[in-house]
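Have a look at the structure below before the remarks.
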Amino acid sequence: MPLYETVFIARQDLSTKQTEELAKSFEEILSNNKAKVANTEHWGLRSLAYRINKNRKGHYVLFHIDGASDAIVEMERNMRLHEDVLRFMTVKVDEFPKDGTIMMKKDAA
């Protein structure tokens, strides 16, 4: 199956727990459509480059997804409709990083 990376930004006024619950709801949508989330990374509350809907910060979450494009389309449709999601982006990748993403390495240093 094809591999995808999805990053979404949630509103700044959500708590960390609410952001995790939001991520779990999107994971459930993917699993219902026969896709598997290989890895989830919560990058935390970060400053945005510019204001989005009066928000200066946002909670960033990354998914590594192994599944068909139908599952991705359904997840993106739900993200588009959800009022807590400011932005999202999905890209197709050849393989997942073996030792975590650069964002997680940067925080560990």
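We name chains A, B, ... following the order of the structure tokens; residues begin at 1 in each chain, and ligands are numbered from 1 as shown.
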
Q: Pull the strand (DSSP E or B) assignments for chain A out of DSSP run on the backbone, and list those residues as an MDAnalysis selection string.
A: chainID A and resid 3:11 36:52 55:66 85:93

Q. Got a sec: who's within 7 Å of Leu45 of chain A, counting only C-alpha atoms, leaving out chain neighbours fewer than 3 positions off, as a PyMOL selection string?
A. chain A and resi 57-60

Taking N, CA, C and O atoms for each residue, export the selection above as a PDB file, in the first residue's frame.
ATOM      1  N   LYS A  57      -0.569  30.704  17.340  1.00  0.00           N
ATOM      2  CA  LYS A  57       0.090  29.433  17.648  1.00  0.00           C
ATOM      3  C   LYS A  57      -0.843  28.295  17.267  1.00  0.00           C
ATOM      4  O   LYS A  57      -2.031  28.510  17.039  1.00  0.00           O
ATOM      5  N   GLY A  58      -0.291  27.080  17.234  1.00  0.00           N
ATOM      6  CA  GLY A  58      -1.107  25.918  16.942  1.00  0.00           C
ATOM      7  C   GLY A  58      -0.441  24.641  17.429  1.00  0.00           C
ATOM      8  O   GLY A  58       0.780  24.576  17.577  1.00  0.00           O
ATOM      9  N   HIS A  59      -1.258  23.635  17.681  1.00  0.00           N
ATOM     10  CA  HIS A  59      -0.766  22.307  18.068  1.00  0.00           C
ATOM     11  C   HIS A  59      -0.506  21.516  16.788  1.00  0.00           C
ATOM     12  O   HIS A  59      -1.417  21.308  15.981  1.00  0.00           O
ATOM     13  N   TYR A  60       0.738  21.062  16.605  1.00  0.00           N
ATOM     14  CA  TYR A  60       1.118  20.312  15.414  1.00  0.00           C
ATOM     15  C   TYR A  60       1.094  18.816  15.717  1.00  0.00           C
ATOM     16  O   TYR A  60       1.609  18.382  16.746  1.00  0.00           O
TER      17      TYR A  60
END

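Using only C-alpha atoms for every distance, the candidate list A:Met1, A:Met79, A:Ile9, A:Val91 yields A:Met79 as the residue closest to Ile29 of chain A.
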
Q: Would you work out the distance separating atom CA of Leu22 of chain A from atom CA of Lys98 of chain A, expressed in Å to one decimal?
A: 25.5 Å

Q.
Can you tell me which residues surround Val7 of chain A at a distance of at most 8 Å, considering only C-alpha atoms, apart from same-chain residues fewer than 6 positions away, and format the answer as an MDAnalysis selection string?
A. chainID A and resid 60:63 88:90

What would the file look like if the residues just selected were written as a tab-separated table (two decimals), in the first residue's frame with all heavy atoms?
chain	number	residue	atom	x	y	z
A	60	TYR	N	0.74	21.06	16.61
A	60	TYR	CA	1.12	20.31	15.41
A	60	TYR	C	1.09	18.82	15.72
A	60	TYR	O	1.61	18.38	16.75
A	60	TYR	CB	2.53	20.69	14.98
A	60	TYR	CG	2.64	22.02	14.28
A	60	TYR	CD1	2.47	23.22	14.96
A	60	TYR	CD2	2.93	22.08	12.92
A	60	TYR	CE1	2.59	24.44	14.33
A	60	TYR	CE2	3.05	23.30	12.27
A	60	TYR	CZ	2.88	24.47	12.98
A	60	TYR	OH	3.00	25.67	12.33
A	61	VAL	N	0.52	18.03	14.78
A	61	VAL	CA	0.48	16.57	14.91
A	61	VAL	C	0.83	15.96	13.56
A	61	VAL	O	0.35	16.41	12.52
A	61	VAL	CB	-0.92	16.08	15.35
A	61	VAL	CG1	-0.94	14.56	15.48
A	61	VAL	CG2	-1.33	16.73	16.66
A	62	LEU	N	1.69	14.93	13.57
A	62	LEU	CA	2.11	14.24	12.36
A	62	LEU	C	1.65	12.79	12.41
A	62	LEU	O	1.77	12.13	13.44
A	62	LEU	CB	3.64	14.27	12.23
A	62	LEU	CG	4.21	13.39	11.13
A	62	LEU	CD1	4.60	14.23	9.94
A	62	LEU	CD2	5.39	12.61	11.63
A	63	PHE	N	1.11	12.30	11.29
A	63	PHE	CA	0.76	10.89	11.12
A	63	PHE	C	1.62	10.29	10.02
A	63	PHE	O	1.81	10.92	8.98
A	63	PHE	CB	-0.69	10.71	10.66
A	63	PHE	CG	-1.74	11.05	11.66
A	63	PHE	CD1	-2.86	11.75	11.28
A	63	PHE	CD2	-1.63	10.67	12.98
A	63	PHE	CE1	-3.86	12.07	12.17
A	63	PHE	CE2	-2.62	10.99	13.89
A	63	PHE	CZ	-3.73	11.68	13.48
A	88	PHE	N	-3.98	21.54	7.20
A	88	PHE	CA	-3.46	20.17	7.11
A	88	PHE	C	-2.79	20.01	5.76
A	88	PHE	O	-3.07	20.73	4.81
A	88	PHE	CB	-4.56	19.12	7.31
A	88	PHE	CG	-5.62	19.16	6.25
A	88	PHE	CD1	-5.51	18.42	5.09
A	88	PHE	CD2	-6.76	19.94	6.42
A	88	PHE	CE1	-6.49	18.46	4.12
A	88	PHE	CE2	-7.74	19.99	5.46
A	88	PHE	CZ	-7.60	19.24	4.30
A	89	MET	N	-1.87	19.05	5.70
A	89	MET	CA	-1.19	18.75	4.45
A	89	MET	C	-0.80	17.28	4.45
A	89	MET	O	-0.27	16.77	5.45
A	89	MET	CB	0.05	19.61	4.26
A	89	MET	CG	0.71	19.37	2.91
A	89	MET	SD	2.03	20.53	2.54
A	89	MET	CE	3.30	19.96	3.63
A	90	THR	N	-1.05	16.61	3.34
A	90	THR	CA	-0.69	15.21	3.18
A	90	THR	C	0.22	15.07	1.97
A	90	THR	O	-0.07	15.64	0.91
A	90	THR	CB	-1.95	14.34	2.97
A	90	THR	OG1	-2.83	14.53	4.08
A	90	THR	CG2	-1.59	12.87	2.87

**Q.** Long-range neighbours of Phe96 of chain A as a list in words, 12 Å cut-off, only C-alpha atoms, 4 positions minimum in chain
**A.**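 My reading of the contact set: Pro2, Leu3, Tyr4, Glu5, Thr6, Val37, Ala38, Asn39, Thr40, Leu62, Phe63, His64, Ile65, Asp66, Val91, Lys92, Gly100 and Thr101 of chain A.
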
Q | Point-to-point distance in Å for atom CA of Val85 of chain A and atom CA of Leu48 of chain A | A |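 Taking atom CA of Leu48 of chain A and atom CA of Val85 of chain A, their separation equals 13.6 Å.
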
(Q) Residues of chain A classed as alpha helix (DSSP H) by DSSP on the backbone are to be reported as a PyMOL selection string. (A) chain A and resi 16-32+69-81+102-108

Neighbouring residues of Gln18 of chain A were defined as those with any atom within 12 Å, considering only C-alpha atoms; residues of the same chain fewer than 6 positions away were excluded. Please report them as a PDB file with all heavy atoms, in the first residue's frame.
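Okay, this is what ended up in selection.pdb:
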ATOM      1  N   ALA A  10      -3.861  22.199  14.926  1.00  0.00           N
ATOM      2  CA  ALA A  10      -5.105  22.420  15.674  1.00  0.00           C
ATOM      3  C   ALA A  10      -5.023  23.780  16.375  1.00  0.00           C
ATOM      4  O   ALA A  10      -3.934  24.300  16.619  1.00  0.00           O
ATOM      5  CB  ALA A  10      -5.319  21.310  16.691  1.00  0.00           C
ATOM      6  N   ARG A  11      -6.176  24.333  16.715  1.00  0.00           N
ATOM      7  CA  ARG A  11      -6.251  25.655  17.351  1.00  0.00           C
ATOM      8  C   ARG A  11      -5.444  25.711  18.636  1.00  0.00           C
ATOM      9  O   ARG A  11      -5.311  24.724  19.351  1.00  0.00           O
ATOM     10  CB  ARG A  11      -7.703  26.009  17.670  1.00  0.00           C
ATOM     11  CG  ARG A  11      -8.551  26.265  16.474  1.00  0.00           C
ATOM     12  CD  ARG A  11      -9.942  26.683  16.833  1.00  0.00           C
ATOM     13  NE  ARG A  11     -10.498  25.845  17.905  1.00  0.00           N
ATOM     14  CZ  ARG A  11     -11.367  26.277  18.797  1.00  0.00           C
ATOM     15  NH1 ARG A  11     -11.785  27.502  18.776  1.00  0.00           N
ATOM     16  NH2 ARG A  11     -11.835  25.464  19.716  1.00  0.00           N
ATOM     17  N   GLN A  12      -4.961  26.902  18.955  1.00  0.00           N
ATOM     18  CA  GLN A  12      -4.110  27.095  20.135  1.00  0.00           C
ATOM     19  C   GLN A  12      -4.861  26.992  21.454  1.00  0.00           C
ATOM     20  O   GLN A  12      -4.275  26.659  22.478  1.00  0.00           O
ATOM     21  CB  GLN A  12      -3.408  28.442  20.061  1.00  0.00           C
ATOM     22  CG  GLN A  12      -4.341  29.636  20.163  1.00  0.00           C
ATOM     23  CD  GLN A  12      -3.612  30.947  19.983  1.00  0.00           C
ATOM     24  OE1 GLN A  12      -2.412  30.978  19.793  1.00  0.00           O
ATOM     25  NE2 GLN A  12      -4.363  32.040  20.055  1.00  0.00           N
ATOM     26  N   LYS A  24      -6.778  10.999  17.786  1.00  0.00           N
ATOM     27  CA  LYS A  24      -7.339   9.640  17.869  1.00  0.00           C
ATOM     28  C   LYS A  24      -8.592   9.505  17.012  1.00  0.00           C
ATOM     29  O   LYS A  24      -8.827   8.459  16.415  1.00  0.00           O
ATOM     30  CB  LYS A  24      -7.649   9.277  19.316  1.00  0.00           C
ATOM     31  CG  LYS A  24      -6.419   8.944  20.108  1.00  0.00           C
ATOM     32  CD  LYS A  24      -6.747   8.575  21.527  1.00  0.00           C
ATOM     33  CE  LYS A  24      -5.455   8.336  22.291  1.00  0.00           C
ATOM     34  NZ  LYS A  24      -5.660   8.141  23.706  1.00  0.00           N
ATOM     35  N   SER A  25      -9.386  10.564  16.935  1.00  0.00           N
ATOM     36  CA  SER A  25     -10.595  10.494  16.093  1.00  0.00           C
ATOM     37  C   SER A  25     -10.218  10.364  14.616  1.00  0.00           C
ATOM     38  O   SER A  25     -10.866   9.627  13.874  1.00  0.00           O
ATOM     39  CB  SER A  25     -11.493  11.703  16.324  1.00  0.00           C
ATOM     40  OG  SER A  25     -10.932  12.871  15.794  1.00  0.00           O
ATOM     41  N   HIS A  59      -1.258  23.635  17.681  1.00  0.00           N
ATOM     42  CA  HIS A  59      -0.766  22.307  18.068  1.00  0.00           C
ATOM     43  C   HIS A  59      -0.506  21.516  16.788  1.00  0.00           C
ATOM     44  O   HIS A  59      -1.417  21.308  15.981  1.00  0.00           O
ATOM     45  CB  HIS A  59      -1.809  21.566  18.912  1.00  0.00           C
ATOM     46  CG  HIS A  59      -2.051  22.170  20.252  1.00  0.00           C
ATOM     47  ND1 HIS A  59      -1.273  21.863  21.349  1.00  0.00           N
ATOM     48  CD2 HIS A  59      -2.969  23.068  20.679  1.00  0.00           C
ATOM     49  CE1 HIS A  59      -1.714  22.537  22.392  1.00  0.00           C
ATOM     50  NE2 HIS A  59      -2.747  23.280  22.008  1.00  0.00           N
ATOM     51  N   ASP A  84     -11.782  22.794  14.652  1.00  0.00           N
ATOM     52  CA  ASP A  84     -10.557  22.915  15.433  1.00  0.00           C
ATOM     53  C   ASP A  84      -9.291  22.751  14.598  1.00  0.00           C
ATOM     54  O   ASP A  84      -8.203  23.038  15.074  1.00  0.00           O
ATOM     55  CB  ASP A  84     -10.540  21.884  16.567  1.00  0.00           C
ATOM     56  CG  ASP A  84     -11.578  22.193  17.630  1.00  0.00           C
ATOM     57  OD1 ASP A  84     -11.943  23.377  17.772  1.00  0.00           O
ATOM     58  OD2 ASP A  84     -12.032  21.258  18.314  1.00  0.00           O
ATOM     59  N   VAL A  85      -9.405  22.281  13.364  1.00  0.00           N
ATOM     60  CA  VAL A  85      -8.247  22.096  12.492  1.00  0.00           C
ATOM     61  C   VAL A  85      -8.056  23.359  11.659  1.00  0.00           C
ATOM     62  O   VAL A  85      -8.932  23.758  10.900  1.00  0.00           O
ATOM     63  CB  VAL A  85      -8.422  20.862  11.581  1.00  0.00           C
ATOM     64  CG1 VAL A  85      -7.247  20.732  10.628  1.00  0.00           C
ATOM     65  CG2 VAL A  85      -8.577  19.601  12.418  1.00  0.00           C
TER      66      VAL A  85
END

Q.
Ranking A:Asp13, A:Glu74, A:Glu83, A:Glu95 by minimum distance to Lys34 of chain A and counting only C-alpha atoms, which one comes first?
A. A:Glu74
